[in-house]
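Novice: So that you have it, the file is structure01.cif, and it contains mmCIF, C-alpha atoms:
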```cif
data_final
#
loop_
_atom_site.label_atom_id
_atom_site.label_comp_id
_atom_site.auth_asym_id
_atom_site.auth_seq_id
_atom_site.Cartn_x
_atom_site.Cartn_y
_atom_site.Cartn_z
CA MET L 1 -17.08 64.91 -12.76
CA VAL L 2 -13.46 63.81 -13.33
CA ARG L 3 -11.08 65.16 -10.73
CA SER L 4 -7.46 66.03 -10.33
CA LEU L 5 -5.48 63.82 -8.03
CA PRO L 6 -5.50 64.78 -4.35
CA GLY L 7 -3.15 67.65 -3.65
CA GLY L 8 -3.71 69.13 -7.11
CA ARG L 9 -1.64 66.50 -8.92
CA ARG L 10 -2.87 65.59 -12.37
CA PRO L 11 -3.44 62.04 -13.60
CA ASP L 12 -0.74 60.35 -15.66
CA ALA L 13 -0.58 62.31 -18.90
CA THR L 14 -0.19 59.07 -20.84
CA ALA L 15 -3.47 57.64 -19.54
CA GLU L 16 -6.27 57.60 -22.10
CA VAL L 17 -9.31 59.51 -20.87
CA ALA L 18 -12.58 58.86 -22.68
CA PRO L 19 -14.78 61.75 -23.79
CA ALA L 20 -17.85 62.49 -21.72
CA PRO L 21 -20.99 60.55 -22.62
CA ASN L 22 -23.15 62.13 -25.33
CA LEU L 23 -26.87 61.74 -24.61
CA GLY L 24 -27.92 63.48 -27.80
CA GLY L 25 -30.24 65.89 -26.00
CA ALA L 26 -32.74 63.15 -25.23
CA PRO L 27 -34.82 63.72 -22.05
CA ARG L 28 -33.98 61.52 -19.11
CA PRO L 29 -36.43 58.63 -18.72
CA VAL L 30 -38.77 58.79 -15.72
CA ARG L 31 -37.33 56.83 -12.80
CA ALA L 32 -39.45 54.13 -11.21
CA SER L 33 -40.11 54.21 -7.47
CA GLY L 34 -39.03 51.64 -4.89
CA ARG L 35 -35.27 51.92 -5.23
CA HIS L 36 -34.53 52.37 -1.55
CA LEU L 37 -36.65 49.70 0.08
CA PRO L 38 -35.29 47.07 2.50
CA CYS L 39 -34.18 43.71 1.16
CA PRO L 40 -37.18 41.42 0.57
CA ARG L 41 -37.08 38.14 2.48
CA PRO L 42 -35.82 35.39 0.15
CA VAL L 43 -36.56 31.67 0.05
CA PRO L 44 -34.06 29.80 2.28
CA ARG L 45 -31.55 27.52 0.57
CA GLY L 46 -30.51 25.28 3.43
CA PRO L 47 -30.45 24.93 7.21
CA VAL L 48 -28.39 28.03 8.00
CA SER L 49 -30.32 30.50 5.86
CA ALA L 50 -33.56 28.92 7.11
CA PHE L 51 -32.40 29.44 10.71
CA VAL L 52 -31.55 33.09 10.04
CA LEU L 53 -34.87 33.80 8.34
CA GLU L 54 -36.87 31.96 11.02
CA HIS L 55 -35.43 34.07 13.82
CA LEU L 56 -35.20 37.44 12.05
CA VAL L 57 -38.97 37.67 11.64
CA THR L 58 -39.43 37.69 15.42
CA PRO L 59 -38.30 40.32 17.97
CA PRO L 60 -34.67 40.03 19.11
CA HIS L 61 -34.14 37.15 21.55
CA ASP L 62 -31.49 34.70 22.70
CA LEU L 63 -30.67 32.33 19.86
CA PRO L 64 -30.61 28.55 20.25
CA ALA L 65 -27.78 26.52 18.77
CA TRP L 66 -27.67 26.99 15.02
CA PRO L 67 -27.01 24.30 12.43
CA THR L 68 -23.51 23.73 11.13
CA PRO L 69 -23.17 24.78 7.49
CA ASP L 70 -22.22 21.92 5.21
CA ASP L 71 -21.86 23.60 1.81
CA ASP L 72 -18.84 25.18 0.11
CA PRO L 73 -17.59 28.09 2.27
CA VAL L 74 -16.53 30.01 -0.84
CA ASP L 75 -19.64 29.87 -2.98
CA GLY L 76 -22.21 27.66 -1.25
CA ASP L 77 -25.81 28.82 -1.70
CA ASP L 78 -26.86 28.32 1.93
CA THR L 79 -23.79 29.92 3.50
CA HIS L 80 -23.76 32.95 1.26
CA LEU L 81 -27.46 33.65 1.36
CA ALA L 82 -27.29 33.58 5.18
CA LEU L 83 -24.22 35.81 5.22
CA TYR L 84 -25.75 38.18 2.67
CA LEU L 85 -28.86 38.63 4.82
CA LEU L 86 -26.76 39.27 7.92
CA TYR L 87 -24.84 41.96 6.04
CA GLU L 88 -28.03 43.51 4.66
CA LEU L 89 -28.91 44.40 8.26
CA SER L 90 -26.08 46.96 8.04
CA TYR L 91 -27.28 48.39 4.70
CA ARG L 92 -31.01 49.06 4.19
CA GLY L 93 -32.19 46.25 6.43
CA VAL L 94 -34.43 43.28 5.64
CA GLU L 95 -38.17 43.54 5.11
CA GLY L 96 -40.14 42.99 8.32
CA VAL L 97 -37.02 42.60 10.49
CA ASP L 98 -36.52 44.54 13.72
CA GLU L 99 -33.51 46.85 13.27
CA ARG L 100 -32.15 45.87 16.70
CA TRP L 101 -31.03 42.56 15.18
CA GLU L 102 -28.13 44.33 13.47
CA TRP L 103 -26.03 44.38 16.64
CA HIS L 104 -27.50 41.35 18.41
CA PRO L 105 -24.57 39.46 20.07
CA GLY L 106 -25.84 36.01 19.09
CA LEU L 107 -26.34 36.99 15.46
CA LEU L 108 -22.89 38.59 15.36
CA THR L 109 -21.40 35.34 16.68
CA LEU L 110 -23.10 33.38 13.89
CA ARG L 111 -21.87 35.88 11.34
CA ALA L 112 -18.33 35.63 12.70
CA GLU L 113 -18.39 31.83 12.31
CA LEU L 114 -19.55 32.09 8.71
CA GLU L 115 -16.90 34.74 8.01
CA GLU L 116 -14.17 32.56 9.52
CA ARG L 117 -15.09 29.62 7.25
CA PHE L 118 -15.19 31.96 4.26
CA THR L 119 -11.84 33.57 5.09
CA LEU L 120 -9.98 30.29 5.65
CA VAL L 121 -10.96 28.92 2.26
CA LEU L 122 -10.29 32.27 0.58
CA GLN L 123 -6.77 32.11 1.96
CA GLU L 124 -6.38 28.67 0.41
CA LEU L 125 -7.66 29.98 -2.92
CA VAL L 126 -5.28 32.92 -2.88
CA GLY L 127 -2.34 30.81 -1.75
CA GLU L 128 0.99 32.15 -0.57
CA LEU L 129 1.16 35.89 -1.02
CA PRO L 130 3.83 37.13 -3.45
CA GLU L 131 6.65 39.41 -2.43
CA VAL L 132 5.62 42.91 -3.49
CA ASP L 133 7.96 45.89 -3.58
CA ASP L 134 5.76 48.31 -5.53
CA ILE L 135 2.06 47.94 -4.75
CA ALA L 136 0.89 50.13 -7.64
CA ALA L 137 2.94 48.10 -10.12
CA PHE L 138 1.64 44.84 -8.64
CA LEU L 139 -1.98 45.97 -8.92
CA ARG L 140 -1.41 46.89 -12.57
CA THR L 141 -0.32 43.30 -13.28
CA LEU L 142 -3.71 42.10 -12.03
CA CYS L 143 -5.59 44.52 -14.26
CA THR L 144 -4.05 44.01 -17.68
CA ASP L 145 -7.48 42.86 -18.86
CA ASP L 146 -10.39 42.80 -16.41
CA ALA L 147 -10.73 41.21 -13.01
CA SER L 148 -13.41 38.80 -14.17
CA ALA L 149 -11.17 37.00 -16.66
CA ARG L 150 -10.52 33.34 -15.94
CA ASP L 151 -7.11 32.65 -14.43
CA GLY L 152 -4.72 31.83 -17.25
CA ALA L 153 -7.35 32.37 -19.96
CA SER L 154 -8.64 35.23 -22.06
CA ALA L 155 -12.35 34.51 -21.56
CA SER L 156 -14.43 36.98 -19.59
CA VAL L 157 -18.11 37.75 -19.24
CA SER L 158 -17.59 41.29 -20.51
CA ARG L 159 -15.79 40.08 -23.63
CA ARG L 160 -18.53 37.53 -24.33
CA CYS L 161 -21.17 40.22 -23.96
CA GLU L 162 -19.23 42.62 -26.18
CA HIS L 163 -19.03 40.23 -29.11
CA ASP L 164 -21.88 37.76 -29.22
CA ALA L 165 -24.06 37.50 -26.10
CA THR L 166 -27.80 37.55 -26.70
CA LEU L 167 -30.12 40.13 -25.18
CA GLU L 168 -31.25 37.46 -22.71
CA GLN L 169 -27.64 36.85 -21.64
CA VAL L 170 -26.89 40.57 -21.31
CA ARG L 171 -29.97 40.91 -19.11
CA GLU L 172 -28.82 37.90 -17.11
CA GLN L 173 -25.40 39.46 -16.53
CA ALA L 174 -27.07 42.67 -15.40
CA ILE L 175 -29.23 40.72 -12.93
CA HIS L 176 -26.16 39.00 -11.48
CA ARG L 177 -24.65 42.41 -10.67
CA THR L 178 -27.75 43.91 -9.03
CA ALA L 179 -26.67 42.79 -5.55
CA TRP L 180 -23.49 44.84 -5.95
CA GLN L 181 -24.21 47.69 -8.32
CA LEU L 182 -27.37 48.86 -6.55
CA LYS L 183 -25.23 49.44 -3.44
CA GLU L 184 -22.07 50.36 -5.34
CA ALA L 185 -19.47 52.22 -3.25
CA ASP L 186 -21.26 51.75 0.08
CA PRO L 187 -19.01 49.04 1.61
CA HIS L 188 -15.87 50.84 0.45
CA SER L 189 -17.07 53.99 2.24
CA TRP L 190 -16.70 52.25 5.59
CA ALA L 191 -12.94 52.69 5.12
CA ILE L 192 -13.12 56.50 5.11
CA PRO L 193 -13.08 57.07 8.92
CA ARG L 194 -10.29 54.51 9.25
CA LEU L 195 -7.92 56.33 6.92
CA GLY L 196 -6.08 59.61 7.26
CA GLY L 197 -4.12 62.02 5.13
CA ARG L 198 -3.26 61.10 1.55
CA PRO L 199 -5.14 57.78 1.25
CA LYS L 200 -8.21 59.26 2.92
CA ALA L 201 -8.27 62.17 0.48
CA ALA L 202 -7.87 59.71 -2.39
CA LEU L 203 -10.76 57.53 -1.27
CA VAL L 204 -13.03 60.54 -0.74
CA ALA L 205 -12.18 61.79 -4.25
CA ILE L 206 -13.20 58.44 -5.73
CA GLN L 207 -16.32 58.07 -3.61
CA ALA L 208 -17.53 61.59 -4.35
CA ASP L 209 -17.73 60.64 -8.01
CA GLU L 210 -19.41 57.33 -7.16
CA TYR L 211 -22.10 59.26 -5.28
CA GLY L 212 -22.71 61.67 -8.14
CA ASP L 213 -20.98 64.68 -6.58
CA GLY L 214 -24.16 65.41 -4.63
CA VAL L 215 -26.59 65.00 -7.55
CA ASP L 216 -28.96 62.17 -6.70
CA GLU L 217 -29.67 61.04 -10.26
CA ASP L 218 -25.92 60.87 -11.00
CA VAL L 219 -25.19 58.46 -8.13
CA HIS L 220 -23.71 55.40 -9.84
CA ALA L 221 -26.16 53.04 -8.19
CA GLU L 222 -28.97 55.19 -9.62
CA LEU L 223 -27.38 55.04 -13.07
CA TYR L 224 -27.32 51.25 -12.81
CA ALA L 225 -30.99 51.25 -11.88
CA LEU L 226 -31.64 53.31 -15.00
CA THR L 227 -29.76 50.73 -17.10
CA LEU L 228 -31.88 47.94 -15.61
CA GLU L 229 -35.07 49.79 -16.49
CA GLN L 230 -33.83 50.45 -20.01
CA LEU L 231 -33.16 46.70 -20.33
CA GLY L 232 -36.75 46.02 -19.35
CA LEU L 233 -35.82 44.76 -15.87
CA ASP L 234 -36.91 45.64 -12.34
CA ALA L 235 -34.59 48.13 -10.60
CA SER L 236 -35.87 47.50 -7.06
CA PRO L 237 -33.03 46.51 -4.70
CA ASN L 238 -32.59 42.76 -4.19
CA VAL L 239 -35.71 41.92 -6.20
CA TYR L 240 -33.71 39.20 -7.99
CA LEU L 241 -32.08 37.81 -4.83
CA ASP L 242 -33.70 34.38 -5.19
CA LEU L 243 -32.10 34.03 -8.64
CA LEU L 244 -28.51 34.79 -7.61
CA PRO L 245 -26.24 31.77 -7.06
CA GLY L 246 -23.89 31.52 -4.11
CA VAL L 247 -20.83 32.65 -6.05
CA THR L 248 -22.57 35.88 -7.09
CA LEU L 249 -23.51 36.58 -3.48
CA ALA L 250 -19.97 35.70 -2.39
CA THR L 251 -18.52 38.47 -4.57
CA VAL L 252 -20.67 40.97 -2.65
CA ASN L 253 -20.16 39.33 0.76
CA LEU L 254 -16.42 39.65 0.22
CA VAL L 255 -16.46 43.44 0.07
CA SER L 256 -19.09 43.71 2.82
CA MET L 257 -16.83 41.66 5.10
CA PHE L 258 -13.78 43.73 4.21
CA GLY L 259 -15.65 46.99 4.66
CA LEU L 260 -17.29 46.19 7.99
CA HIS L 261 -14.10 45.05 9.74
CA ARG L 262 -11.37 47.53 10.57
CA ARG L 263 -8.84 44.70 10.59
CA TRP L 264 -9.49 44.28 6.84
CA LEU L 265 -8.75 47.94 6.02
CA GLY L 266 -5.89 47.00 3.70
CA ALA L 267 -8.02 44.35 2.01
CA VAL L 268 -10.89 46.72 1.22
CA VAL L 269 -8.36 49.16 -0.26
CA GLY L 270 -6.88 46.41 -2.44
CA HIS L 271 -10.37 45.34 -3.47
CA LEU L 272 -11.36 48.87 -4.50
CA ALA L 273 -8.08 49.44 -6.33
CA VAL L 274 -8.59 46.38 -8.55
CA PHE L 275 -12.19 47.36 -9.22
CA GLU L 276 -11.21 50.86 -10.32
CA MET L 277 -8.16 49.76 -12.29
CA SER L 278 -9.99 47.09 -14.29
CA SER L 279 -13.20 49.05 -14.79
CA VAL L 280 -12.44 51.06 -17.92
CA THR L 281 -11.97 48.05 -20.19
CA THR L 282 -14.82 46.07 -18.64
CA MET L 283 -17.35 48.89 -18.70
CA ALA L 284 -16.47 49.87 -22.26
CA ARG L 285 -17.22 46.30 -23.35
CA TYR L 286 -20.64 46.29 -21.72
CA ALA L 287 -21.46 49.64 -23.34
CA THR L 288 -20.44 48.25 -26.71
CA ALA L 289 -22.62 45.18 -26.09
CA LEU L 290 -25.69 47.32 -25.43
CA ARG L 291 -25.12 49.40 -28.54
CA ARG L 292 -24.59 46.26 -30.61
CA LEU L 293 -28.05 45.16 -29.45
CA GLY L 294 -29.62 48.50 -30.40
CA PHE L 295 -29.77 50.30 -27.05
CA GLY L 296 -29.52 54.06 -26.82
CA PRO L 297 -27.36 56.41 -24.72
CA TRP L 298 -29.51 56.34 -21.57
CA ALA L 299 -29.13 52.56 -21.30
CA CYS L 300 -25.37 52.94 -21.70
CA LEU L 301 -24.91 55.92 -19.39
CA PHE L 302 -23.88 53.83 -16.37
CA TYR L 303 -21.11 52.13 -18.34
CA ASP L 304 -20.01 55.26 -20.23
CA THR L 305 -19.78 57.18 -16.94
CA HIS L 306 -17.42 54.56 -15.53
CA VAL L 307 -15.24 54.64 -18.64
CA VAL L 308 -14.78 58.38 -18.10
CA ALA L 309 -14.49 58.49 -14.30
CA ASP L 310 -12.37 55.39 -13.83
CA ALA L 311 -9.77 56.56 -16.32
CA THR L 312 -8.80 58.93 -13.51
CA HIS L 313 -9.84 56.73 -10.59
CA GLN L 314 -7.45 53.95 -11.62
CA THR L 315 -4.45 56.22 -11.09
CA ILE L 316 -5.78 57.60 -7.81
CA ALA L 317 -6.57 54.09 -6.53
CA ALA L 318 -3.17 52.65 -7.37
CA HIS L 319 -0.86 55.46 -6.30
CA GLU L 320 -2.69 57.68 -3.85
CA LEU L 321 -5.00 55.19 -2.12
CA ALA L 322 -3.18 51.85 -2.11
CA GLY L 323 0.29 53.36 -2.46
CA GLY L 324 -0.47 56.03 0.12
CA LEU L 325 -1.77 53.52 2.66
CA VAL L 326 1.23 51.21 2.30
CA GLU L 327 3.59 54.18 2.57
CA GLN L 328 1.86 55.28 5.78
CA ASP L 329 1.60 51.79 7.26
CA PRO L 330 3.78 49.13 5.59
CA ARG L 331 2.15 46.47 7.79
CA ARG L 332 -0.97 46.80 5.61
CA LEU L 333 0.84 45.68 2.44
CA ASP L 334 -0.05 41.99 2.70
CA ASP L 335 -3.70 42.80 3.37
CA VAL L 336 -3.85 45.06 0.30
CA VAL L 337 -2.39 42.23 -1.78
CA PHE L 338 -4.78 39.70 -0.25
CA GLY L 339 -7.84 41.87 -0.89
CA ALA L 340 -6.88 42.33 -4.52
CA LEU L 341 -6.16 38.64 -5.10
CA ALA L 342 -9.27 37.46 -3.24
CA LEU L 343 -11.40 39.60 -5.55
CA CYS L 344 -9.69 38.17 -8.62
CA ARG L 345 -10.14 34.57 -7.44
CA LEU L 346 -13.83 35.01 -6.67
CA GLU L 347 -14.46 36.83 -9.94
CA GLY L 348 -12.74 33.92 -11.67
CA ARG L 349 -15.21 31.53 -10.02
CA PHE L 350 -18.10 33.76 -11.08
CA THR L 351 -16.85 33.92 -14.67
CA GLU L 352 -16.48 30.16 -14.84
CA LEU L 353 -20.04 29.61 -13.63
CA VAL L 354 -21.56 32.08 -16.09
CA LEU L 355 -19.60 31.10 -19.18
CA ASP L 356 -19.92 27.37 -18.56
CA ALA L 357 -23.70 27.73 -18.30
CA TRP L 358 -23.87 29.84 -21.45
CA ASP L 359 -21.66 27.35 -23.32
CA ARG L 360 -24.19 24.65 -22.43
CA GLY L 361 -27.02 26.83 -23.68
CA GLU L 362 -28.36 27.26 -20.15
CA SER L 363 -28.98 30.13 -17.75
CA SER L 364 -26.44 30.83 -15.01
CA LEU L 365 -29.22 32.08 -12.70
CA LEU L 366 -31.15 29.87 -10.29
CA GLY L 367 -34.46 30.48 -12.03
CA SER L 368 -36.23 32.37 -14.78
CA PHE L 369 -37.09 36.06 -14.91
CA THR L 370 -39.52 38.21 -16.83
CA ALA L 371 -38.62 41.32 -18.80
CA THR L 372 -40.40 43.97 -20.82
CA ASP L 373 -40.16 43.41 -24.57
CA PRO L 374 -39.30 45.31 -26.55
CA ALA L 375 -36.90 46.75 -24.01
CA PRO L 376 -37.57 50.45 -23.31
CA GLY L 377 -33.96 51.39 -24.04
CA ILE L 378 -33.84 50.11 -27.62
CA THR L 379 -33.67 53.09 -29.95
CA ASP L 380 -34.02 53.79 -33.66
CA VAL L 381 -30.89 55.93 -33.52
CA HIS L 382 -27.90 54.14 -35.03
CA VAL L 383 -24.83 54.11 -32.77
CA PRO L 384 -21.65 52.67 -34.31
CA ALA L 385 -20.20 50.02 -31.99
CA ASP L 386 -16.65 51.26 -32.53
CA ASP L 387 -17.47 54.81 -31.36
CA PRO L 388 -20.15 54.52 -28.69
CA ARG L 389 -20.49 58.19 -27.83
CA ARG L 390 -21.35 59.65 -31.26
CA PRO L 391 -24.89 58.74 -32.32
CA SER L 392 -25.94 59.40 -35.87
CA VAL L 393 -29.40 59.13 -37.44
#
```
Using the file provided, produce a representation of the structure as structure tokens.
Specialist:
Amino acid sequence: MVRSLPGGRRPDATAEVAPAPNLGGAPRPVRASGRHLPCPRPVPRGPVSAFVLEHLVTPPHDLPAWPTPDDDPVDGDDTHLALYLLYELSYRGVEGVDERWEWHPGLLTLRAELEERFTLVLQELVGELPEVDDIAAFLRTLCTDDASARDGASASVSRRCEHDATLEQVREQAIHRTAWQLKEADPHSWAIPRLGGRPKAALVAIQADEYGDGVDEDVHAELYALTLEQLGLDASPNVYLDLLPGVTLATVNLVSMFGLHRRWLGAVVGHLAVFEMSSVTTMARYATALRRLGFGPWACLFYDTHVVADATHQTIAAHELAGGLVEQDPRRLDDVVFGALALCRLEGRFTELVLDAWDRGESSLLGSFTATDPAPGITDVHVPADDPRRPSV
């Protein structure tokens, strides 16, 4: 469903809105079970993640002194696996872990230390914040292409996939995004009770679409699970966690940190705004990539849905959400800017890791994966790459 702006206002008449996805009357594939299970316990990657895993499998208790992390605070494997697990306690939990650990004071202290290291280096990456007079205009300057493009360069993972990535690389990209897309929208929703008036209405309008307007199979996370299955991959949450490098986990930890902390309200708004404003181009490229490789409309539905919905969401996010928050509380301006820039910097790191590995002919994951071949989503129906929503036999 594509909505009017809050208050009955219509989106910018000059904005291009894609037609609704055409599924050609094909029946929806049967969904596999196991989508809503707790996070499986991963293999530790260093002293901090080993400490967390060692203690989480026992009943809550006073924690001894924990080891000092010694990897990169921005994308280190040990730091970000530990932080990811601590955040998972506030989502669906971790397999075999007592739920009382979520609010254990000692564990919260450890999490705060990891967050502080992460934040300090993020601030260095972002650098001095620019002077911003018009937040919506500033956000548009960050989204002229897509947020995953390398700083100062035209390369992006979505563009590579669109033009010449192999099926193995497209699957790899999809695996990277499982940690985020299978919980898509959830960390942003933590901002809803902290907002009021115009920005609150804007966020609810966006999130309602993300959650399928009350239809379970239209929830965007469910659509992503469908895409994974059509690619011949496992759609169970966090099943690929051991394969995801620190920088991939960092992109998810960033929004979990922003969402969980009220002090980062402006940052989570800036983060969401950039996501929505850069989504149309990025998602259209991934849809084109799948069609280039012979996949049918069900495999592409997740991406096509975003092309349609985010054509409206980008305007709501820029003007009603971010603009509305800054108008209500100008003190939040710098945090909105920081959240947007932090996302761009981390996505730049992610892009560099993936494309550098692919340029070397290597995988950007930490290990190998298995997939069903031929992929279930490959179809005999011809779909022109330049018009992805009009299949012809």
Novice: Mind telling me what the PyMOL selection byres ((chain L and resi 138-141) around 9) catches here, as a ChimeraX atom specification?
Specialist: /L:132-137,142-144,270,273-274,277-278,318,337,340
Novice: I'd like to know which of L:Ala191, L:Asp216, L:Glu131, L:Ile206 is closest to Leu333 (chain L), using only C-alpha atoms.
Specialist: L:Glu131
Novice: Determine, using only C-alpha atoms, which residues of region 244-283 of chain L have any atom at most 12 Å from an atom of region 37-55 of chain L, and tabulate each with its shortest atom pair and distance in Å to one decimal place, rows ordered by chain and then rising number, as a Markdown table.
Specialist:
```
| residue | atom | partner | partner_atom | distance |
| --- | --- | --- | --- | --- |
| L:Leu244 | CA | L:Pro42 | CA | 10.7 |
| L:Pro245 | CA | L:Arg45 | CA | 10.2 |
| L:Gly246 | CA | L:Arg45 | CA | 9.8 |
```
Novice: Name every residue that the PyMOL selection byres ((chain L and resi 280-284) around 9) selects in this structure, writing the answer as a list in words with chains first and numbers rising.
Specialist: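 With the shown file as input, the PyMOL selection byres ((chain L and resi 280-284) around 9) matches Asp145, Asp146, Ala147, Ser148, Val157, Ser158, Arg159, Glu162, Glu276, Met277, Ser278, Ser279, Arg285, Tyr286, Ala287, Thr288, Ala289, Phe302, Tyr303, Asp304, Thr305, His306, Val307, Val308, Ala309, Asp310, Ala311, Gln314 and Pro388 of chain L.
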Novice: Hey, which bits of region 222-341 of chain L sit within 9 Å of region 349-356 of chain L, and for each residue what's the closest pair of atoms and how far apart in Å (one decimal), counting all atoms listed in the file, rows by chain and increasing number, as JSON lines?
Specialist:
```
{"residue": "L:Val247", "atom": "CA", "partner": "L:Phe350", "partner_atom": "CA", "distance": 5.8}
{"residue": "L:Thr248", "atom": "CA", "partner": "L:Phe350", "partner_atom": "CA", "distance": 6.4}
{"residue": "L:Thr251", "atom": "CA", "partner": "L:Phe350", "partner_atom": "CA", "distance": 8.0}
```
Novice: Need to verify the contact set: Pro60 (chain L), 12 Å, all atoms listed in the file, exclusion of same-chain residues closer than 3 positions in sequence. Can you return it as a list in words?
Specialist: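 Selected residues are Val52, Glu54, His55, Leu56, Val57, Leu63, Val97, Asp98, Glu99, Arg100, Trp101, Glu102, Trp103, His104, Pro105, Gly106 and Leu107 of chain L.
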Novice: Report the distance between CA of Gly93 (chain L) and CA of Pro59 (chain L) in Å, rounded to one decimal place.
Specialist: 14.3 Å
Novice: Translate the PyMOL selection byres ((chain L and resi 124) around 12) into a concrete residue list for this structure, as an NGL selection string.
Specialist: :L and (73-74 or 117-123 or 125-129 or 338 or 341-342 or 345)
Novice: Using Å and a single decimal, report how far CA of Tyr224 (chain L) sits from CA of Ser236 (chain L).
Specialist: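 Interatomic distance, CA of Ser236 (chain L) to CA of Tyr224 (chain L): 11.0 Å.
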Novice: Can you measure CA of Gly339 (chain L) to CA of Val252 (chain L) for me? One decimal in Å is fine.
Specialist: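 Separation between CA of Gly339 (chain L) and CA of Val252 (chain L): 13.0 Å.
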Novice: Restricting the calculation to all atoms listed in the file, which member of L:Met257, L:Leu108, L:Val326, L:Ala299 is positioned closest to Leu195 (chain L)?
Specialist: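 So, comparing all the options, the nearest one is L:Val326.
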Novice: Using only C-alpha atoms, which residue out of L:Ala165, L:Leu86, L:Ala174, L:Ala317 lies closest to Gly232 (chain L)?
Specialist: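 For Gly232 (chain L), the nearest of the candidates is L:Ala174.
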Novice: Which neighbours of Phe369 (chain L) fall inside 9 Å, counting all atoms listed in the file, when residues of the same chain fewer than 5 positions from it are skipped, and could you give them as a PyMOL selection string?
Specialist: chain L and resi 172+233+240+243
Novice: Keeping C-alpha atoms for every residue in the selection just given, could you write it to a file as a tab-separated table (two decimals), in the coordinates of the input?
Specialist:
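The resulting file, again.tsv, is shown below:
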```
chain	number	residue	atom	x	y	z
L	172	GLU	CA	-28.82	37.90	-17.11
L	233	LEU	CA	-35.82	44.76	-15.87
L	240	TYR	CA	-33.71	39.20	-7.99
L	243	LEU	CA	-32.10	34.03	-8.64
```
Novice: Hey, which of L:Leu254, L:Ala202, L:Cys344, L:Leu226 ends up closest to Pro187 (chain L)? Count only C-alpha atoms.
Specialist: L:Leu254
Novice: Go through L:Trp358, L:Asp334, L:Glu210, L:Ala250 and flag the residue nearest Asp78 (chain L), using all atoms listed in the file for the distances.
Specialist: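 Among the listed residues, the smallest separation from Asp78 (chain L) belongs to L:Ala250.
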